[in-house]
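The next block is model-v6.cif, given as mmCIF, C-alpha atoms.
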```
data_query
#
loop_
_atom_site.label_atom_id
_atom_site.label_comp_id
_atom_site.auth_asym_id
_atom_site.auth_seq_id
_atom_site.Cartn_x
_atom_site.Cartn_y
_atom_site.Cartn_z
CA GLY N 1 26.71 1.79 -1.95
CA ALA N 2 23.88 0.28 -3.96
CA ASN N 3 25.52 -3.07 -4.61
CA GLY N 4 23.87 -5.09 -1.84
CA GLY N 5 26.07 -8.09 -1.19
CA TYR N 6 26.25 -10.09 2.00
CA CYS N 7 28.26 -10.25 5.19
CA TYR N 8 29.01 -12.66 8.03
CA VAL N 9 27.83 -11.67 11.48
CA CYS N 10 28.89 -12.91 14.91
CA LEU N 11 27.35 -11.79 18.19
CA PRO N 12 29.99 -12.75 20.76
CA TRP N 13 27.57 -12.32 23.63
CA ILE N 14 25.42 -15.03 22.00
CA ASP N 15 28.15 -17.39 20.80
CA LYS N 16 31.74 -16.45 19.91
CA LYS N 17 32.09 -19.41 17.56
CA GLN N 18 29.01 -18.92 15.38
CA TRP N 19 29.12 -16.81 12.23
CA HIS N 20 26.03 -16.47 10.05
CA ALA N 21 25.63 -15.02 6.55
CA PHE N 22 23.06 -12.28 5.89
CA SER N 23 22.15 -10.32 2.79
CA LEU N 24 22.60 -6.57 3.01
CA PHE N 25 20.01 -3.92 2.28
CA GLU N 26 20.86 -0.23 1.87
CA ASN N 27 18.91 2.26 3.94
CA PRO N 28 17.05 4.38 1.33
CA GLY N 29 17.36 7.40 3.61
CA ASP N 30 21.13 6.99 3.96
CA PRO N 31 22.92 4.99 1.21
CA THR N 32 26.06 4.76 3.37
CA GLU N 33 24.15 2.72 5.96
CA ARG N 34 23.43 -0.97 5.45
CA GLN N 35 20.93 -3.15 7.24
CA ILE N 36 20.32 -6.85 7.69
CA PHE N 37 16.95 -8.48 8.24
CA MET N 38 16.95 -11.49 10.51
CA GLN N 39 14.01 -13.91 10.67
CA LYS N 40 13.65 -16.11 13.75
CA GLY N 41 14.21 -19.67 12.64
CA GLY N 42 16.81 -21.92 14.27
CA ASP N 43 18.30 -21.95 17.77
CA TRP N 44 20.75 -19.08 17.15
CA THR N 45 18.27 -16.64 15.60
CA SER N 46 15.66 -17.55 18.23
CA LYS N 47 18.12 -16.69 21.00
CA VAL N 48 19.06 -13.42 19.26
CA HIS N 49 15.39 -12.51 18.98
CA ARG N 50 14.81 -13.27 22.65
CA VAL N 51 17.85 -11.30 23.87
CA LEU N 52 17.09 -8.27 21.68
CA GLN N 53 13.74 -7.68 23.28
CA ARG N 54 15.85 -5.20 25.23
CA ASP N 55 18.01 -2.55 23.53
CA THR N 56 21.73 -3.19 23.63
CA VAL N 57 24.97 -1.46 22.62
CA ARG N 58 27.12 -4.59 22.90
CA PRO N 59 29.56 -5.21 20.03
CA VAL N 60 28.76 -7.01 16.78
CA TRP N 61 31.52 -8.64 14.75
CA VAL N 62 31.11 -8.30 10.98
CA GLN N 63 33.09 -9.71 8.05
CA GLY N 64 32.38 -8.21 4.66
CA PRO N 65 30.64 -7.00 2.65
CA PHE N 66 31.21 -9.55 -0.11
CA PRO N 67 29.76 -9.56 -3.62
CA SER N 68 26.77 -11.85 -3.97
CA PRO N 69 25.30 -13.67 -6.99
CA TYR N 70 22.64 -10.95 -7.03
CA ASN N 71 25.33 -8.49 -8.10
CA SER N 72 25.09 -10.17 -11.50
CA ALA N 73 21.64 -8.64 -11.96
CA GLU N 74 23.12 -5.47 -13.42
CA LYS N 75 24.23 -7.43 -16.51
CA TYR N 76 20.60 -7.85 -17.65
CA ASP N 77 18.07 -5.38 -19.03
CA ASN N 78 15.22 -7.63 -17.91
CA GLN N 79 15.39 -9.34 -14.54
CA ILE N 80 13.26 -11.88 -12.73
CA LEU N 81 14.05 -11.89 -9.02
CA VAL N 82 12.72 -14.96 -7.23
CA ALA N 83 12.75 -15.00 -3.44
CA SER N 84 11.41 -17.17 -0.69
CA GLY N 85 10.86 -15.85 2.82
CA ILE N 86 13.62 -13.61 4.12
CA GLY N 87 15.39 -14.06 0.77
CA ILE N 88 13.54 -10.92 -0.31
CA THR N 89 16.37 -8.80 1.16
CA PRO N 90 18.85 -8.87 -1.79
CA ALA N 91 15.96 -8.47 -4.23
CA LEU N 92 14.99 -5.21 -2.53
CA SER N 93 18.57 -3.95 -2.89
CA VAL N 94 18.58 -4.70 -6.61
CA ILE N 95 15.19 -3.07 -7.13
CA ARG N 96 16.16 0.06 -5.23
CA ALA N 97 19.42 0.42 -7.14
CA GLN N 98 18.31 -0.47 -10.67
CA LYS N 99 14.58 0.09 -11.08
CA ASP N 100 15.11 3.36 -12.97
CA SER N 101 17.28 1.77 -15.65
CA ARG N 102 16.00 -1.82 -15.98
CA ARG N 103 12.76 -3.75 -16.03
CA ILE N 104 12.66 -5.75 -12.81
CA ASN N 105 10.09 -8.44 -12.05
CA LEU N 106 9.63 -9.84 -8.56
CA VAL N 107 8.29 -13.27 -7.59
CA TRP N 108 8.18 -13.64 -3.81
CA ALA N 109 6.79 -16.62 -1.90
CA VAL N 110 6.19 -15.90 1.80
CA ARG N 111 4.25 -17.78 4.46
CA ASP N 112 4.92 -15.57 7.49
CA LYS N 113 2.18 -12.96 7.77
CA HIS N 114 4.28 -10.71 10.00
CA LEU N 115 7.25 -10.88 7.63
CA LEU N 116 5.05 -9.84 4.71
CA GLU N 117 3.45 -6.98 6.63
CA PHE N 118 6.86 -5.78 7.81
CA PHE N 119 8.28 -5.67 4.32
CA LEU N 120 5.29 -3.76 3.00
CA ARG N 121 7.06 -0.75 4.47
CA HIS N 122 10.25 -1.49 2.52
CA LEU N 123 8.96 -2.42 -0.95
CA TYR N 124 10.58 -0.02 -3.41
CA LEU N 125 9.17 -1.69 -6.47
CA ASP N 126 9.43 -1.24 -10.21
CA HIS N 127 6.05 -0.55 -11.82
CA LYS N 128 7.55 -1.47 -15.20
CA GLY N 129 7.85 -5.03 -13.91
CA TRP N 130 5.49 -7.61 -12.46
CA ASN N 131 5.35 -7.71 -8.66
CA LEU N 132 3.89 -11.07 -7.69
CA ILE N 133 3.62 -12.03 -4.02
CA PHE N 134 2.51 -15.58 -3.29
CA TYR N 135 1.21 -15.81 0.26
CA THR N 136 1.34 -19.38 1.54
CA GLY N 137 0.48 -18.71 5.18
CA LYS N 138 -2.65 -19.93 6.93
CA THR N 139 -3.32 -16.75 8.91
CA PRO N 140 -5.54 -14.30 6.97
CA LEU N 141 -3.94 -11.00 6.02
CA ASP N 142 -5.36 -7.84 7.56
CA ASP N 143 -7.33 -5.59 5.22
CA GLU N 144 -5.70 -2.51 6.70
CA HIS N 145 -2.28 -3.74 5.57
CA MET N 146 -3.57 -4.67 2.13
CA GLU N 147 -4.63 -1.06 1.59
CA ILE N 148 -0.96 -0.31 1.01
CA PHE N 149 -1.27 -2.17 -2.28
CA SER N 150 -4.14 -0.06 -3.58
CA ASN N 151 -1.89 2.39 -5.46
CA THR N 152 0.56 -0.13 -6.90
CA ASN N 153 0.63 -2.92 -9.46
CA ILE N 154 1.39 -5.52 -6.80
CA CYS N 155 -0.56 -8.76 -7.15
CA ILE N 156 -1.09 -10.97 -4.08
CA ILE N 157 -1.91 -14.58 -4.91
CA LYS N 158 -2.79 -17.14 -2.27
CA GLY N 159 -0.87 -20.37 -2.79
CA ARG N 160 2.52 -21.52 -4.02
CA PRO N 161 3.89 -20.22 -7.33
CA LYS N 162 4.07 -22.63 -10.24
CA LEU N 163 7.40 -21.33 -11.47
CA GLY N 164 7.18 -23.44 -14.61
CA ASP N 165 4.22 -21.24 -15.60
CA VAL N 166 5.15 -17.93 -13.98
CA ILE N 167 8.65 -17.50 -15.47
CA PRO N 168 7.75 -18.09 -19.15
CA ASN N 169 4.53 -16.09 -18.69
CA ILE N 170 6.44 -13.02 -17.50
CA ILE N 171 8.86 -13.21 -20.44
CA TYR N 172 6.05 -13.86 -22.92
CA GLY N 173 3.89 -11.01 -21.60
CA ILE N 174 6.69 -8.47 -21.88
CA GLU N 175 8.34 -9.60 -25.11
CA SER N 176 5.04 -10.05 -26.97
CA GLY N 177 3.41 -6.97 -25.46
CA GLU N 178 0.39 -9.05 -24.44
CA GLY N 179 1.05 -8.62 -20.73
CA LEU N 180 2.96 -5.42 -20.08
CA PRO N 181 2.85 -4.77 -16.32
CA GLU N 182 2.78 -1.00 -16.66
CA ARG N 183 -0.71 -1.31 -18.11
CA TYR N 184 -2.01 -2.33 -14.73
CA VAL N 185 -0.86 0.54 -12.54
CA PRO N 186 -3.78 2.58 -11.11
CA ASP N 187 -3.45 5.49 -13.57
CA GLU N 188 -3.77 3.16 -16.55
CA LYS N 189 -6.69 1.34 -14.99
CA MET N 190 -8.44 4.62 -14.20
CA GLY N 191 -7.89 5.86 -17.74
CA ALA N 192 -9.37 2.66 -19.18
CA SER N 193 -12.32 2.91 -16.78
CA GLU N 194 -13.10 6.50 -17.81
CA LEU N 195 -12.88 5.59 -21.50
CA LEU N 196 -15.35 2.77 -21.01
CA VAL N 197 -17.74 5.02 -19.10
CA ASP N 198 -17.65 7.52 -21.97
CA MET N 199 -18.66 4.71 -24.33
CA LEU N 200 -21.84 4.35 -22.29
CA GLY N 201 -22.68 8.00 -22.81
CA GLY N 202 -20.78 9.36 -19.79
CA GLY N 203 -19.01 12.66 -19.49
CA GLY N 204 -21.54 14.76 -17.56
CA ALA N 205 -19.99 16.98 -14.92
CA SER N 206 -22.98 18.44 -13.09
CA CYS N 207 -26.50 17.85 -11.80
CA SER N 208 -29.33 19.90 -13.29
CA ARG N 209 -31.52 21.81 -10.84
CA SER N 210 -35.00 20.36 -10.54
CA ASP N 211 -36.46 23.87 -10.19
CA SER N 212 -35.72 25.44 -13.57
CA GLY N 213 -37.39 28.70 -12.70
CA ASP N 214 -36.40 31.44 -10.32
CA GLY N 215 -32.68 31.85 -10.35
CA ASP N 216 -30.67 35.04 -10.03
CA ALA N 217 -31.30 38.02 -12.30
CA GLY N 218 -28.76 36.65 -14.75
CA GLY N 219 -30.98 33.61 -15.39
CA GLY N 220 -29.10 30.49 -14.36
CA GLY N 221 -25.41 30.77 -13.56
CA SER N 222 -23.97 29.20 -10.44
CA ASP N 223 -26.11 28.03 -7.53
CA THR N 224 -24.21 29.63 -4.63
CA GLU N 225 -25.79 27.32 -2.07
CA THR N 226 -24.99 24.03 -3.77
CA GLY N 227 -21.97 25.04 -5.84
CA VAL N 228 -23.63 23.61 -8.97
CA ASP N 229 -22.94 25.18 -12.33
CA ASN N 230 -26.19 25.01 -14.30
CA ASN N 231 -24.68 26.27 -17.54
CA VAL N 232 -22.34 23.34 -18.12
CA GLU N 233 -22.99 21.70 -21.47
CA ASP N 234 -22.10 18.01 -21.48
CA ASP N 235 -20.30 16.44 -24.40
CA PHE N 236 -22.10 13.16 -23.71
CA ASP N 237 -25.63 12.27 -22.69
CA ASP N 238 -25.53 10.73 -19.21
CA THR N 239 -29.31 10.57 -19.04
CA ALA N 240 -29.67 8.10 -21.90
CA SER N 241 -30.43 4.45 -21.28
CA VAL N 242 -27.71 1.89 -21.92
CA THR N 243 -28.28 -0.91 -24.41
CA THR N 244 -26.99 -4.46 -24.30
CA GLN N 245 -25.03 -3.78 -27.49
CA GLN N 246 -23.25 -0.84 -25.84
CA ILE N 247 -22.30 -2.96 -22.83
CA ASN N 248 -20.98 -5.75 -25.08
CA GLU N 249 -18.89 -3.21 -26.99
CA VAL N 250 -17.47 -1.94 -23.70
CA ILE N 251 -16.53 -5.50 -22.67
CA GLU N 252 -14.72 -6.06 -25.98
CA THR N 253 -12.91 -2.71 -25.70
CA ALA N 254 -11.79 -3.63 -22.17
CA LYS N 255 -10.20 -6.79 -23.57
CA HIS N 256 -8.32 -4.70 -26.12
CA TYR N 257 -6.75 -2.73 -23.25
CA GLY N 258 -5.85 -5.88 -21.33
CA PHE N 259 -8.76 -6.02 -18.90
CA GLU N 260 -11.77 -8.24 -18.29
CA LEU N 261 -15.30 -7.09 -17.43
CA ASP N 262 -17.02 -10.46 -17.51
CA GLY N 263 -18.36 -10.14 -13.96
CA ILE N 264 -20.16 -6.85 -14.48
CA ASN N 265 -23.89 -6.60 -13.75
CA LYS N 266 -25.29 -5.76 -17.17
CA GLU N 267 -28.83 -5.25 -15.90
CA GLY N 268 -27.52 -2.87 -13.25
CA LEU N 269 -25.93 -0.70 -15.92
CA LYS N 270 -29.15 -0.72 -17.92
CA THR N 271 -31.21 0.58 -14.97
CA GLN N 272 -33.21 3.65 -15.96
CA PRO N 273 -30.96 6.67 -15.34
CA ASP N 274 -31.94 9.72 -13.29
CA VAL N 275 -32.62 12.45 -15.86
CA ARG N 276 -32.19 15.12 -13.19
CA CYS N 277 -28.62 14.19 -12.29
CA PRO N 278 -26.24 13.14 -15.08
CA LYS N 279 -23.32 13.22 -12.62
CA ALA N 280 -24.94 10.60 -10.41
CA ASN N 281 -25.52 8.38 -13.45
CA ARG N 282 -21.88 8.69 -14.49
CA ASN N 283 -20.64 7.98 -10.96
CA ARG N 284 -22.82 4.87 -10.75
CA ARG N 285 -21.60 3.56 -14.10
CA SER N 286 -17.98 4.47 -13.33
CA THR N 287 -18.13 2.62 -10.00
CA ALA N 288 -19.69 -0.46 -11.60
CA ILE N 289 -16.95 -0.61 -14.23
CA ALA N 290 -14.01 0.19 -11.93
CA GLU N 291 -15.06 -2.45 -9.38
CA ASN N 292 -15.25 -5.14 -12.07
CA LEU N 293 -12.18 -4.25 -14.13
CA ARG N 294 -9.78 -7.19 -13.80
CA LEU N 295 -6.45 -8.18 -15.34
CA ALA N 296 -6.93 -10.18 -18.51
CA PHE N 297 -3.31 -11.35 -18.45
CA LYS N 298 -2.44 -13.23 -15.26
CA PRO N 299 1.18 -14.43 -15.17
CA TRP N 300 0.43 -16.85 -12.35
CA GLU N 301 -2.01 -18.86 -14.47
CA PHE N 302 -1.18 -21.39 -17.18
CA ASN N 303 -0.86 -19.90 -20.66
CA ALA N 304 -0.49 -22.38 -23.51
CA GLU N 305 1.15 -19.77 -25.78
CA ALA N 306 3.85 -18.65 -23.38
CA ARG N 307 6.41 -21.46 -23.37
CA PRO N 308 6.51 -22.09 -27.17
CA TYR N 309 6.77 -18.34 -27.78
CA VAL N 310 9.67 -17.90 -25.35
CA LYS N 311 11.52 -20.92 -26.72
CA SER N 312 11.25 -19.41 -30.22
CA LEU N 313 13.01 -16.18 -29.18
CA SER N 314 16.61 -15.60 -30.24
CA LYS N 315 19.00 -16.76 -27.55
CA LYS N 316 21.65 -14.19 -28.49
CA LEU N 317 19.49 -11.17 -29.25
CA VAL N 318 16.68 -11.59 -26.73
CA MET N 319 17.26 -14.20 -24.05
CA LYS N 320 20.72 -12.85 -23.23
CA THR N 321 18.98 -9.69 -21.98
CA TRP N 322 17.08 -11.74 -19.38
CA GLY N 323 18.55 -12.80 -16.04
CA LEU N 324 17.04 -15.04 -13.37
CA MET N 325 18.11 -14.58 -9.72
CA TYR N 326 17.09 -16.56 -6.64
CA CYS N 327 17.67 -16.11 -2.93
CA GLY N 328 16.29 -18.54 -0.39
CA GLY N 329 16.88 -21.87 1.21
CA ALA N 330 14.35 -24.03 -0.65
CA LYS N 331 16.20 -26.75 -2.53
CA VAL N 332 13.09 -27.69 -4.50
CA VAL N 333 12.87 -24.10 -5.79
CA GLU N 334 16.53 -24.19 -6.81
CA LYS N 335 15.92 -27.43 -8.69
CA ASP N 336 12.89 -26.01 -10.51
CA LEU N 337 14.73 -22.82 -11.46
CA ARG N 338 17.74 -24.73 -12.80
CA LYS N 339 15.41 -26.75 -15.00
CA ILE N 340 13.54 -23.65 -16.19
CA GLY N 341 16.74 -21.71 -16.84
CA SER N 342 18.18 -24.56 -18.88
CA GLU N 343 15.00 -25.05 -20.91
CA LEU N 344 14.39 -21.38 -21.68
CA LYS N 345 18.09 -20.47 -22.08
CA VAL N 346 17.98 -17.90 -19.26
CA ASP N 347 21.03 -17.29 -17.09
CA LEU N 348 20.43 -18.27 -13.45
CA HIS N 349 22.28 -16.92 -10.39
CA ILE N 350 21.57 -18.37 -6.94
CA GLU N 351 22.29 -16.79 -3.57
CA SER N 352 21.55 -19.43 -0.99
CA PHE N 353 22.97 -19.59 2.51
CA GLY N 354 22.11 -21.97 5.30
CA TRP N 355 21.21 -19.39 7.90
#
```

Mind turning the file's structure into structure tokens?
Amino acid sequence: GANGGYCYVCLPWIDKKQWHAFSLFENPGDPTERQIFMQKGGDWTSKVHRVLQRDTVRPVWVQGPFPSPYNSAEKYDNQILVASGIGITPALSVIRAQKDSRRINLVWAVRDKHLLEFFLRHLYLDHKGWNLIFYTGKTPLDDEHMEIFSNTNICIIKGRPKLGDVIPNIIYGIESGEGLPERYVPDEKMGASELLVDMLGGGGASCSRSDSGDGDAGGGGSDTETGVDNNVEDDFDDTASVTTQQINEVIETAKHYGFELDGINKEGLKTQPDVRCPKANRNRRSTAIAENLRLAFKPWEFNAEARPYVKSLSKKLVMKTWGLMYCGGAKVVEKDLRKIGSELKVDLHIESFGW
């Protein structure tokens, strides 16, 4: 099923007396199959890891599955799933099961580079929710693995999450509309980028031939060697120079759509365009804007408006639609979340096992 849960596992060929609790994750390819993810930590898991370097068909004893606190997630339209390390497992089950019917936000703190890279292959995320991964490891992440994030709205932040800022920021951004995560998926960003390019006079779709003379008998038409259509009439003038006023207007418009362009090279945009190739001018401007388009709303940064706004929301009508779930073994995180849940009037459910 899609209810996640947890089970107790004993490997009698490791130790007949030791049972350990693990969260369950449904195989997306076969919902009747459940998996557990085991991270090497203590003596027992280290021995399991060492022994399983070779395949085995020896028996595994399992008790369960049992309902977990994460099963309570279905009671809320808006969810904030907080996980540390291998605690990501039940969060993935909830996301996979409910992302089509609820807005699910993920806050995951992970320090193990290999654990993060492994789970990149299993992230079935909700683009209607914030997906914030806080990497606390010292080993740099490989660029080739980070490419997986290029077509998502996942944000990777180096450092520990300040939950006292992150939780109210997520609620504020969604309830106020100031920080809706769906604005930041690639399609929205590309649409904003193209709009801003058009404001600079973009829109050209072809390059004009430098030799305006001897074409085919029809006079113009398509250049069969280059595939260029010389009869295209542009709606915008890509050969015009860009003024400082235009650039400033673009920066203000970007803010309206939830993006920042403060780092853009204004002088680079104002460089004299190539009158022979409007398409090249548009591509250059489009690249400059796309590379500098950044999120204006960052839930991981302090926002003075967030906490007062959230505390002013109706507990019965609004805050009862929000649920806060945590899975992990960090007592300090549990303490912080209990304090935040109490202050903001958000229900908190904790799944924490000493594995």

Worksheet item: Near N:Phe37, counting only C-alpha atoms, which residues have an atom at most 8 Å away, once you skip same-chain residues fewer than 6 positions from it, shown as JSON, numbers by chain?
Response: {"N": [22, 23, 24, 86, 89]}

Discussion item. Quick check on the file I pasted: which residues fall under the PyMOL selection byres ((chain N and resi 173-178) around 9)? Write them as a PyMOL selection string.
Written reply: chain N and resi 129+168-172+179-181+258+297+299+306+309-310+318

Would you save the residues from that selection as a compact mmCIF listing (two decimals), in the frame of the given file, using C-alpha atoms?
```
# COMPACT_ATOMS: atom_id res chain seq x y z
CA GLY N 129 7.85 -5.03 -13.91
CA PRO N 168 7.75 -18.09 -19.15
CA ASN N 169 4.53 -16.09 -18.69
CA ILE N 170 6.44 -13.02 -17.50
CA ILE N 171 8.86 -13.21 -20.44
CA TYR N 172 6.05 -13.86 -22.92
CA GLY N 179 1.05 -8.62 -20.73
CA LEU N 180 2.96 -5.42 -20.08
CA PRO N 181 2.85 -4.77 -16.32
CA GLY N 258 -5.85 -5.88 -21.33
CA PHE N 297 -3.31 -11.35 -18.45
CA PRO N 299 1.18 -14.43 -15.17
CA ALA N 306 3.85 -18.65 -23.38
CA TYR N 309 6.77 -18.34 -27.78
CA VAL N 310 9.67 -17.90 -25.35
CA VAL N 318 16.68 -11.59 -26.73
```

Practice prompt. Would you please work out which residue, of N:Leu115, N:Ile251, N:Leu52, N:Leu344, is nearest to N:Pro308 when using all atoms listed in the file?
Written response: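 The shortest atom-to-atom distance to N:Pro308 comes from N:Leu344.
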
Item to complete: Measure the distance from atom CA of N:Ile95 to atom CA of N:Leu348 in Å and round it to one decimal.
Response: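 These two atoms are separated by 17.3 Å.
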
Practice prompt. Mind giving me the straight-line distance from atom CA of N:Ile167 to atom CA of N:Thr321 in Å, one decimal?
Written response: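 If I compute the distance from atom CA of N:Ile167 to atom CA of N:Thr321, I get 14.5 Å.
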
Worksheet item: Interatomic distance between atom CA of N:Asp112 and atom CA of N:Ala330?
Response: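 Spanning atom CA of N:Asp112 to atom CA of N:Ala330 is a straight-line distance of 15.1 Å.
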
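Considering the residues N:Lys339, N:Gly64, N:Ala109, N:Cys10 and counting all atoms listed in the file, N:Pro161 has its shortest atom-to-atom contact with N:Ala109.
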
Skipping near chain neighbours, those fewer than 2 positions away, what residues fall within 12 Å of N:Ala73 using only C-alpha atoms, listed as a PDB file with C-alpha atoms, in the frame of the given file?
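So the final result, stored in selection02.pdb, reads:
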```pdb
ATOM      1  CA  ASN N   3      25.520  -3.070  -4.610  1.00  0.00           C
ATOM      2  CA  GLY N   4      23.870  -5.090  -1.840  1.00  0.00           C
ATOM      3  CA  GLY N   5      26.070  -8.090  -1.190  1.00  0.00           C
ATOM      4  CA  PRO N  67      29.760  -9.560  -3.620  1.00  0.00           C
ATOM      5  CA  SER N  68      26.770 -11.850  -3.970  1.00  0.00           C
ATOM      6  CA  PRO N  69      25.300 -13.670  -6.990  1.00  0.00           C
ATOM      7  CA  TYR N  70      22.640 -10.950  -7.030  1.00  0.00           C
ATOM      8  CA  ASN N  71      25.330  -8.490  -8.100  1.00  0.00           C
ATOM      9  CA  LYS N  75      24.230  -7.430 -16.510  1.00  0.00           C
ATOM     10  CA  TYR N  76      20.600  -7.850 -17.650  1.00  0.00           C
ATOM     11  CA  ASP N  77      18.070  -5.380 -19.030  1.00  0.00           C
ATOM     12  CA  ASN N  78      15.220  -7.630 -17.910  1.00  0.00           C
ATOM     13  CA  GLN N  79      15.390  -9.340 -14.540  1.00  0.00           C
ATOM     14  CA  ILE N  80      13.260 -11.880 -12.730  1.00  0.00           C
ATOM     15  CA  LEU N  81      14.050 -11.890  -9.020  1.00  0.00           C
ATOM     16  CA  VAL N  82      12.720 -14.960  -7.230  1.00  0.00           C
ATOM     17  CA  PRO N  90      18.850  -8.870  -1.790  1.00  0.00           C
ATOM     18  CA  ALA N  91      15.960  -8.470  -4.230  1.00  0.00           C
ATOM     19  CA  SER N  93      18.570  -3.950  -2.890  1.00  0.00           C
ATOM     20  CA  VAL N  94      18.580  -4.700  -6.610  1.00  0.00           C
ATOM     21  CA  ILE N  95      15.190  -3.070  -7.130  1.00  0.00           C
ATOM     22  CA  ALA N  97      19.420   0.420  -7.140  1.00  0.00           C
ATOM     23  CA  GLN N  98      18.310  -0.470 -10.670  1.00  0.00           C
ATOM     24  CA  LYS N  99      14.580   0.090 -11.080  1.00  0.00           C
ATOM     25  CA  SER N 101      17.280   1.770 -15.650  1.00  0.00           C
ATOM     26  CA  ARG N 102      16.000  -1.820 -15.980  1.00  0.00           C
ATOM     27  CA  ARG N 103      12.760  -3.750 -16.030  1.00  0.00           C
ATOM     28  CA  ILE N 104      12.660  -5.750 -12.810  1.00  0.00           C
ATOM     29  CA  ASN N 105      10.090  -8.440 -12.050  1.00  0.00           C
ATOM     30  CA  THR N 321      18.980  -9.690 -21.980  1.00  0.00           C
ATOM     31  CA  TRP N 322      17.080 -11.740 -19.380  1.00  0.00           C
ATOM     32  CA  GLY N 323      18.550 -12.800 -16.040  1.00  0.00           C
ATOM     33  CA  LEU N 324      17.040 -15.040 -13.370  1.00  0.00           C
ATOM     34  CA  MET N 325      18.110 -14.580  -9.720  1.00  0.00           C
ATOM     35  CA  TYR N 326      17.090 -16.560  -6.640  1.00  0.00           C
ATOM     36  CA  ASP N 347      21.030 -17.290 -17.090  1.00  0.00           C
ATOM     37  CA  LEU N 348      20.430 -18.270 -13.450  1.00  0.00           C
ATOM     38  CA  HIS N 349      22.280 -16.920 -10.390  1.00  0.00           C
ATOM     39  CA  ILE N 350      21.570 -18.370  -6.940  1.00  0.00           C
ATOM     40  CA  GLU N 351      22.290 -16.790  -3.570  1.00  0.00           C
TER      41      GLU N 351
END
```

Practice prompt. Output the residue selection produced by the PyMOL selection byres ((chain N and resi 113) around 12) on the file above, formatted as a list in words.
Written response: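 Checking the PyMOL selection byres ((chain N and resi 113) around 12) against this file, the residues are Gly85, Ala109, Val110, Arg111, Asp112, His114, Leu115, Leu116, Glu117, Phe118, Phe119, Leu120, Ile133, Phe134, Tyr135, Thr136, Gly137, Lys138, Thr139, Pro140, Leu141, Asp142, His145, Met146 and Lys158 of chain N.
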